[in-house]
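Q: Here's a structure for you.
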Amino acid sequence: MKNAQKTVPLRVLMLLSVCVMLFAAIPVLSAAEEVSDENLFNMNDPNFTEGYNFIESTGDITDEEHSFMTGYIPVSPGDIMQLNLHSTQNSRFVKYALFDENRDWTSTFKSFDLTELTVRIFDPGYIRFSVYGQEYEKTITIYRTKGRTAAEDENDDTIVVSQQNENVMVQTTKEDRSEDWVDVLDRQDPDFQDRKNYVFETSEIVDEYNSFISGFIPVQKGDSIVLDLNSTMTSPFVKYALYNQKKQWQKTVKLLDVADLVVSITEPGFIRISINNRMFINMASIYRRSATTLYADQQISKVILPAISVVNGNRVAFNKNYLSSETIDLFDKNDPDFVMNKGYRQLTGDIVDDEGSFMSGFIPVVSGQVVVVSITKSSQFAKYVLFDQNMNWISTSRVDHPTMLVVPITETGYFRFHGHDNAINGTSIMIPTVTKLDINSISDNLADRLQRLEVAVPSSKQVDVMMFMGQSNMAGRGEMTEDHPEDAPAVIDGAGWEFRAITDPTKLYPIDKTFGVSENVTDAIDDRKQKTGGLVPSFVNAYYTHNGQVPVVCVSASEGATSLADWQPGTPRLEDAISRLNACVSWLESNGYTIRHRYMIWCHGETDVKQTEEWFNEQFGHMLDEMLSSGIEKCFLIRIGNSNPVSEDFVNMMAYQTRFCKENRDVVLVSMTLSGLLNKGMMKDDLHYYQEGYNFCGEDAGVNAAYYVTTGKEPMIYDPQFQELYISEVN
């Protein structure tokens with residue numbers, strides 16, 4: 001039972017590391033911890049209450065049917081409180097509130113969709129838990145454990161390999177255990193930063209309400225730093241920054257959708273870790289595994305290098321020596337779906353006649369698995385094809401002269417292999433029992449030492465189409481001044497292009513800050529060349545960087561000072577927007593491009609702040625339905641900001657947009673940053689922003705849009721206007 005015996009999740013961490021199959025045969029470290037025998041959940045406590053809940057922002061207690069709250073449980077610094085619902089069903093939410101020694105409320109955190117919760121205690125006082133779902137009253141347990149100070153290693157050796165391009169394989173031995181698993185997360189550290197985050201490129205620390213940063217953790221060459229969020233939920237992103245011995249910044253690494261992390265250290269100095277989502281501020285643990293013995297290059301080569309491949313641009317490591325006892329050959333020539341003299345078209349998935357080719361049957365796969373194809377006979381090429389659960393084609397990748405393919409599975413569905421020539425008599429297909437593999441784990445330096453790499457080449461013309469629609473803050477009214485000198489960023493080479501549906505629908509153009517300035521149609525979308533600088537360049541850079549480097553083809557369809565009434569079905573503006581979308585799609589398809597997704601980015605609402613919520617929902621819903629029926633898959637919404645000075649009408653419109661996104665699965669809220677730019681001094685007038693404000697918003701929206709596209713999950717975003725964490729109710 002997890003609550004009764006908490007163990008640092010090294011098995012999870014190892015599965016995330018480079019040499020995944022190696023760990024299938026290696027024991028895992030376990031921790032010796034004190035665990036209370038007493039279940040601290042007590043329904044007879046006079047403070048136990050049914051039908052009530054916390055107000056997250058104030059700690060006040062309010063009526064809420066189906067909820068219940070525990071009494072006050074005394075806690076001390078170093079305690080770890082573990083709650084378990086003992087159910088296969090997740091609670092819609094669980095909250096915990098912290099109180100000081102006088103039982104004065106200090107903070108409340110809300111966690112969604114979970115059965116277990118772990119809370120670290122830094123200050124003396126009390127904790128109360130609130131659970132939605134009164135059926136859990138009969139099964140809930142709450143235990144108290146103490147934080148880790150040391151661990152007993154029952155095994156002779158444990159191998160750990162870095163996850164983050166450090167190329168360090170380390171071996172821990174019994175001779176060196178004096179400081180194993182020292183807990184180094186200290187919220188009282190003067191360098192601990194709450195509501196802060198790193199600037200990725202410079203390590204400058206900036207305000208970000210929903211993040212926090214550890215202090216400087218001293219590290220030595222060979223140390224392993226382990227992060228555990230102690231949660232079934234993941235952080236939208238985690239960053240770690242490395243510093244030399246003088247605390248001079250060296251580099252920052254950013255990871256999306258993280259619950260556990262291991263970093264192996266190659267140079268002495270310091271590390272700091274930044275975590276997004278303040279829910280984890282009382283949950284995260286950071287441990288240091290110190291003073292390990294490095295393996296030399298010869299050992300790294302001996303253990304890792306025999307089976308390195310490059311799959312869709314990501315280097316992956318695999319040791320096939322560990323396959324034989326744990327897998328069976330799934331390549332079956334007697335499968336009724338096995339076919340000879342047939343092949344796939346790479347860009348469409350169509351099956352065509354291809355003499356000398358063969359295809360396996362449909363092999364079911366689950367997200368998180370790895371498929372390994374070994375080919376001992378010569379083959380001119382091979383392809384692997386992925387399908388969804390309905391056997392709809394997703395993608396095809398080609399490899400020339402292959403001997404081994406390692407394919408991480410990111411979507412549950414089916415896998416087929418397409419081989420050629422003599423490979424039919426030398427092919428095996430295996431799915432290891434270990435189900436996780438880090439696909440970005442071997443650095444260029446290590447890969448350069450390989451004699452041969454097998455590259456699966458994706459379509460070089462795969463793109464996402466995005467319609468940028470709305471009014472003036474989508475169109476862009478950015479300016480630079482002496483006090484605000486920041487210009488729009490240059491768009492990364494290959495990250496995206498502009499399709500000019502009006503002025504020249506015959507080719508793609510580079511994107512700059514005046515994106516769409518000449519794309520005007522009289523009596524339809526006509527911004528009269530007022531676009532001076534907007535959010536599109538920073539959006540494209542962030543989206544491309546975080547989505548697996550699929551470029552974007554952008555179409556301008558925005559006009560300032562318009563109402564939602566101007567964008568209704570049948571109106572000239574919406575008809576113009578749909579015509580621009582169709583022209584873009586037609587040109588791309590005619591020129592050999594594969595369109596992966598079609599999205600619209602919507603930023604609009606300042607003109608309509610006097611309208612009612614019912615009016616907004618109706619008007620926005622009609623416009624959205626028309627765009628969806630025209631081929632748009634999702635609407636990514638950038639919420640409006642404040643007026644300057646702040647107006648209640650603008651605050652109301654922000655609330656309308658937030659609720660619509662939260663309740664509608666066709667709209668993904670990707671940025672609320674505009675409402676925080678007034679306090680940052682980035683508004684140039686009563687409605688618009690300096691260029692640095694548009695850059696700030698575009699980057700935020702791009703990262704969050706990419707997070708949705710790559711994970712299928714709506715991002716959790718801190719709302720600077722209403723000072724709460726936004727979480728969608730439908731995705």
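Chains: A, B, ... in order of the structure tokens. Residues: from 1 per chain. Ligands: from 1, in order shown.
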Among stretch 459-698 of chain A, which ones does DSSP assign to strand (DSSP E) (computed from the backbone)? Answer as a PyMOL selection string.
A: chain A and resi 462-470+496-499+508-509+552-558+594-603+634-638+667-671
Q: Let me see the file: selected residues, N, CA and C atoms, as a compact mmCIF listing (two decimals), in the first residue's frame.
A:
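Okay, this is what ended up in selection-v2.txt:
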```txt
# COMPACT_ATOMS: atom_id res chain seq x y z
N GLN A 462 5.23 18.26 -43.89
CA GLN A 462 4.10 18.20 -42.97
C GLN A 462 3.98 19.53 -42.24
N VAL A 463 2.77 20.09 -42.18
CA VAL A 463 2.56 21.40 -41.57
C VAL A 463 1.24 21.41 -40.81
N ASP A 464 1.12 22.37 -39.90
CA ASP A 464 -0.16 22.72 -39.28
C ASP A 464 -0.62 24.05 -39.86
N VAL A 465 -1.90 24.17 -40.15
CA VAL A 465 -2.47 25.42 -40.66
C VAL A 465 -3.16 26.14 -39.51
N MET A 466 -2.89 27.44 -39.38
CA MET A 466 -3.50 28.22 -38.30
C MET A 466 -4.05 29.53 -38.85
N MET A 467 -5.32 29.75 -38.51
CA MET A 467 -5.98 31.02 -38.84
C MET A 467 -5.88 31.94 -37.63
N PHE A 468 -5.30 33.12 -37.80
CA PHE A 468 -5.18 34.08 -36.71
C PHE A 468 -6.30 35.10 -36.88
N MET A 469 -7.32 35.00 -35.98
CA MET A 469 -8.56 35.74 -36.16
C MET A 469 -8.87 36.57 -34.91
N GLY A 470 -9.58 37.69 -35.12
CA GLY A 470 -9.99 38.51 -33.99
C GLY A 470 -9.95 39.98 -34.34
N GLY A 496 7.84 28.42 -39.67
CA GLY A 496 6.53 28.79 -40.17
C GLY A 496 6.61 29.80 -41.29
N TRP A 497 5.49 29.94 -42.00
CA TRP A 497 5.41 30.86 -43.12
C TRP A 497 4.02 31.50 -43.14
N GLU A 498 3.91 32.58 -43.86
CA GLU A 498 2.62 33.24 -44.08
C GLU A 498 2.09 32.86 -45.45
N PHE A 499 0.82 32.47 -45.48
CA PHE A 499 0.14 32.29 -46.76
C PHE A 499 -0.73 33.52 -46.99
N LEU A 508 4.54 30.71 -50.31
CA LEU A 508 4.63 31.01 -48.88
C LEU A 508 5.65 32.11 -48.66
N TYR A 509 5.37 32.98 -47.67
CA TYR A 509 6.22 34.12 -47.37
C TYR A 509 6.78 34.00 -45.95
N VAL A 552 4.39 25.75 -39.11
CA VAL A 552 3.05 26.31 -39.17
C VAL A 552 2.90 27.17 -40.43
N VAL A 553 1.80 27.00 -41.12
CA VAL A 553 1.43 27.93 -42.18
C VAL A 553 0.31 28.80 -41.64
N CYS A 554 0.57 30.11 -41.60
CA CYS A 554 -0.31 31.06 -40.90
C CYS A 554 -1.10 31.88 -41.91
N VAL A 555 -2.36 32.12 -41.58
CA VAL A 555 -3.25 32.93 -42.42
C VAL A 555 -3.82 34.05 -41.57
N SER A 556 -3.66 35.28 -42.04
CA SER A 556 -4.17 36.45 -41.32
C SER A 556 -5.65 36.67 -41.64
N ALA A 557 -6.46 36.85 -40.58
CA ALA A 557 -7.89 37.13 -40.76
C ALA A 557 -8.37 37.94 -39.56
N SER A 558 -7.79 39.11 -39.35
CA SER A 558 -8.14 39.91 -38.18
C SER A 558 -8.38 41.36 -38.58
N THR A 594 1.53 17.93 -46.56
CA THR A 594 0.60 17.16 -45.75
C THR A 594 0.14 18.03 -44.59
N ILE A 595 -1.14 18.26 -44.47
CA ILE A 595 -1.67 19.09 -43.39
C ILE A 595 -2.00 18.19 -42.21
N ARG A 596 -1.28 18.39 -41.12
CA ARG A 596 -1.50 17.58 -39.93
C ARG A 596 -2.73 18.06 -39.16
N HIS A 597 -2.81 19.36 -38.89
CA HIS A 597 -3.93 19.93 -38.13
C HIS A 597 -4.34 21.26 -38.75
N ARG A 598 -5.61 21.64 -38.49
CA ARG A 598 -6.12 22.95 -38.89
C ARG A 598 -6.74 23.60 -37.65
N TYR A 599 -6.18 24.71 -37.23
CA TYR A 599 -6.63 25.38 -36.02
C TYR A 599 -6.94 26.85 -36.32
N MET A 600 -7.71 27.45 -35.43
CA MET A 600 -7.86 28.90 -35.43
C MET A 600 -7.39 29.44 -34.08
N ILE A 601 -6.73 30.59 -34.09
CA ILE A 601 -6.33 31.30 -32.87
C ILE A 601 -7.21 32.53 -32.79
N TRP A 602 -7.95 32.67 -31.71
CA TRP A 602 -8.95 33.73 -31.60
C TRP A 602 -8.59 34.65 -30.42
N CYS A 603 -8.49 35.95 -30.71
CA CYS A 603 -8.30 36.95 -29.66
C CYS A 603 -9.21 38.13 -29.99
N LYS A 634 -9.92 22.79 -33.78
CA LYS A 634 -10.04 23.39 -32.45
C LYS A 634 -9.85 24.90 -32.58
N CYS A 635 -10.42 25.59 -31.62
CA CYS A 635 -10.16 27.02 -31.47
C CYS A 635 -9.25 27.21 -30.27
N PHE A 636 -8.07 27.79 -30.47
CA PHE A 636 -7.19 28.19 -29.37
C PHE A 636 -7.51 29.64 -29.02
N LEU A 637 -7.99 29.87 -27.82
CA LEU A 637 -8.45 31.20 -27.44
C LEU A 637 -7.43 31.92 -26.56
N ILE A 638 -7.10 33.14 -26.94
CA ILE A 638 -6.30 34.05 -26.12
C ILE A 638 -7.27 35.03 -25.48
N VAL A 667 -12.95 24.44 -27.63
CA VAL A 667 -12.14 25.65 -27.40
C VAL A 667 -11.11 25.35 -26.32
N VAL A 668 -9.85 25.64 -26.62
CA VAL A 668 -8.76 25.44 -25.67
C VAL A 668 -8.21 26.81 -25.28
N LEU A 669 -8.26 27.13 -24.00
CA LEU A 669 -7.72 28.40 -23.52
C LEU A 669 -6.21 28.28 -23.46
N VAL A 670 -5.49 29.10 -24.23
CA VAL A 670 -4.03 28.96 -24.31
C VAL A 670 -3.28 30.13 -23.68
N SER A 671 -3.95 31.22 -23.36
CA SER A 671 -3.23 32.31 -22.69
C SER A 671 -4.19 33.25 -21.99
```
Q: Taking 5 positions as the minimum chain separation for residues in the same chain, which residues sit within 7 Å of A:Ala706 when counting only C-alpha atoms? Answer as a tab-separated table (two decimals) with N, CA and C atoms, in the first residue's frame.
A:
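The resulting file, around38.tsv, is shown below:
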```
chain	number	residue	atom	x	y	z
A	543	TYR	N	5.52	27.60	-30.51
A	543	TYR	CA	4.74	26.43	-30.95
A	543	TYR	C	5.63	25.42	-31.66
A	546	HIS	N	8.08	23.56	-29.27
A	546	HIS	CA	7.50	22.65	-28.28
A	546	HIS	C	6.58	21.59	-28.88
A	547	ASN	N	6.38	21.58	-30.19
A	547	ASN	CA	5.42	20.62	-30.75
A	547	ASN	C	6.09	19.49	-31.52
```
Q: Excluding same-chain residues fewer than 5 positions from A:Asn425, what lies within 9 Å of it counting only C-alpha atoms, as number ranges by chain?
A: A: 375-377
Q: Suppose you want the space between atom CA of A:Gln723 and atom CA of A:Leu678; what is it in Å?
A: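 Atom CA of A:Leu678 lies 14.9 Å from atom CA of A:Gln723.
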Q: Let me make sure I understand: among A:Asn282, A:Gln134, A:Tyr209, A:Thr396, which one has the smallest atom-to-atom distance to A:Asp719 if we use only C-alpha atoms?
A: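 Under the stated criterion, the closest residue is A:Tyr209.
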Q: Name all residues at most 6 Å from stretch 241-251 of chain A (count only C-alpha atoms; drop same-chain ones fewer than 4 positions away) and give them as number ranges by chain.
A: A: 269-272
Q: So the first atom is atom CA of A:Gly592 and the second is atom CA of A:Ala382; what is the distance between them in Å, to one decimal place?
A: 22.3 Å
Q: Excluding same-chain residues fewer than 3 positions from stretch 617-624 of chain A, what lies within 8 Å of it counting only C-alpha atoms, as a ChimeraX atom specification?
A: /A:564-565,567-569,574,613-614,627-628,635,656,660
Q: Could you dump the residues just selected with C-alpha atoms as a PDB file, in the first residue's frame?
A:
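Saved to selection.pdb:
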```pdb
ATOM      1  CA  LEU A 564     -18.740  39.376 -32.675  1.00  0.00           C
ATOM      2  CA  ALA A 565     -21.847  40.367 -34.582  1.00  0.00           C
ATOM      3  CA  TRP A 567     -18.221  37.529 -37.485  1.00  0.00           C
ATOM      4  CA  GLN A 568     -21.504  35.633 -37.683  1.00  0.00           C
ATOM      5  CA  PRO A 569     -22.260  32.963 -40.316  1.00  0.00           C
ATOM      6  CA  LEU A 574     -16.535  35.266 -41.685  1.00  0.00           C
ATOM      7  CA  GLU A 613     -22.853  36.586 -21.129  1.00  0.00           C
ATOM      8  CA  GLU A 614     -25.874  35.046 -22.870  1.00  0.00           C
ATOM      9  CA  MET A 627     -15.502  27.490 -38.465  1.00  0.00           C
ATOM     10  CA  LEU A 628     -15.665  23.895 -37.230  1.00  0.00           C
ATOM     11  CA  CYS A 635     -10.164  27.022 -31.474  1.00  0.00           C
ATOM     12  CA  TYR A 656     -17.420  34.975 -19.902  1.00  0.00           C
ATOM     13  CA  PHE A 660     -16.981  29.222 -22.196  1.00  0.00           C
TER      14      PHE A 660
END
```
Q: Ranking A:Cys661, A:Leu227, A:Ala583, A:Ile275 by minimum distance to A:Glu208 and counting only C-alpha atoms, which one comes first?
A: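 Closest candidate: A:Ile275.
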Q: Quick one: everything within 8 Å of stretch 518-520 of chain A, counting only C-alpha atoms, minus sequence neighbours fewer than 4 positions away in the same chain. Send it as a list of chain:residue names.
A: A:Arg500, A:Ala501, A:Ile502, A:Thr503, A:Ala524, A:Ile525, A:Asp526, A:Asp527, A:Arg528, A:Lys529, A:Ser556, A:Ala557
Q: Using only C-alpha atoms for the distances, tell me which of A:Val365, A:Leu687, A:Leu581, A:Met672 is nearest to A:Tyr726.
A: A:Met672
Q: Have a look at A:Ala259, A:Val75, A:Ala97, A:Val372 and name the one nearest to A:Ile55; count only C-alpha atoms.
A: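 Comparing A:Ala259, A:Val75, A:Ala97, A:Val372 against A:Ile55, the winner is A:Ala97.
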Q: Name the closest residue to A:Val646 among the candidates A:Met43, A:Ile632, A:Val226, A:Met683; distances are taken between atoms, counting only C-alpha atoms.
A: A:Met683
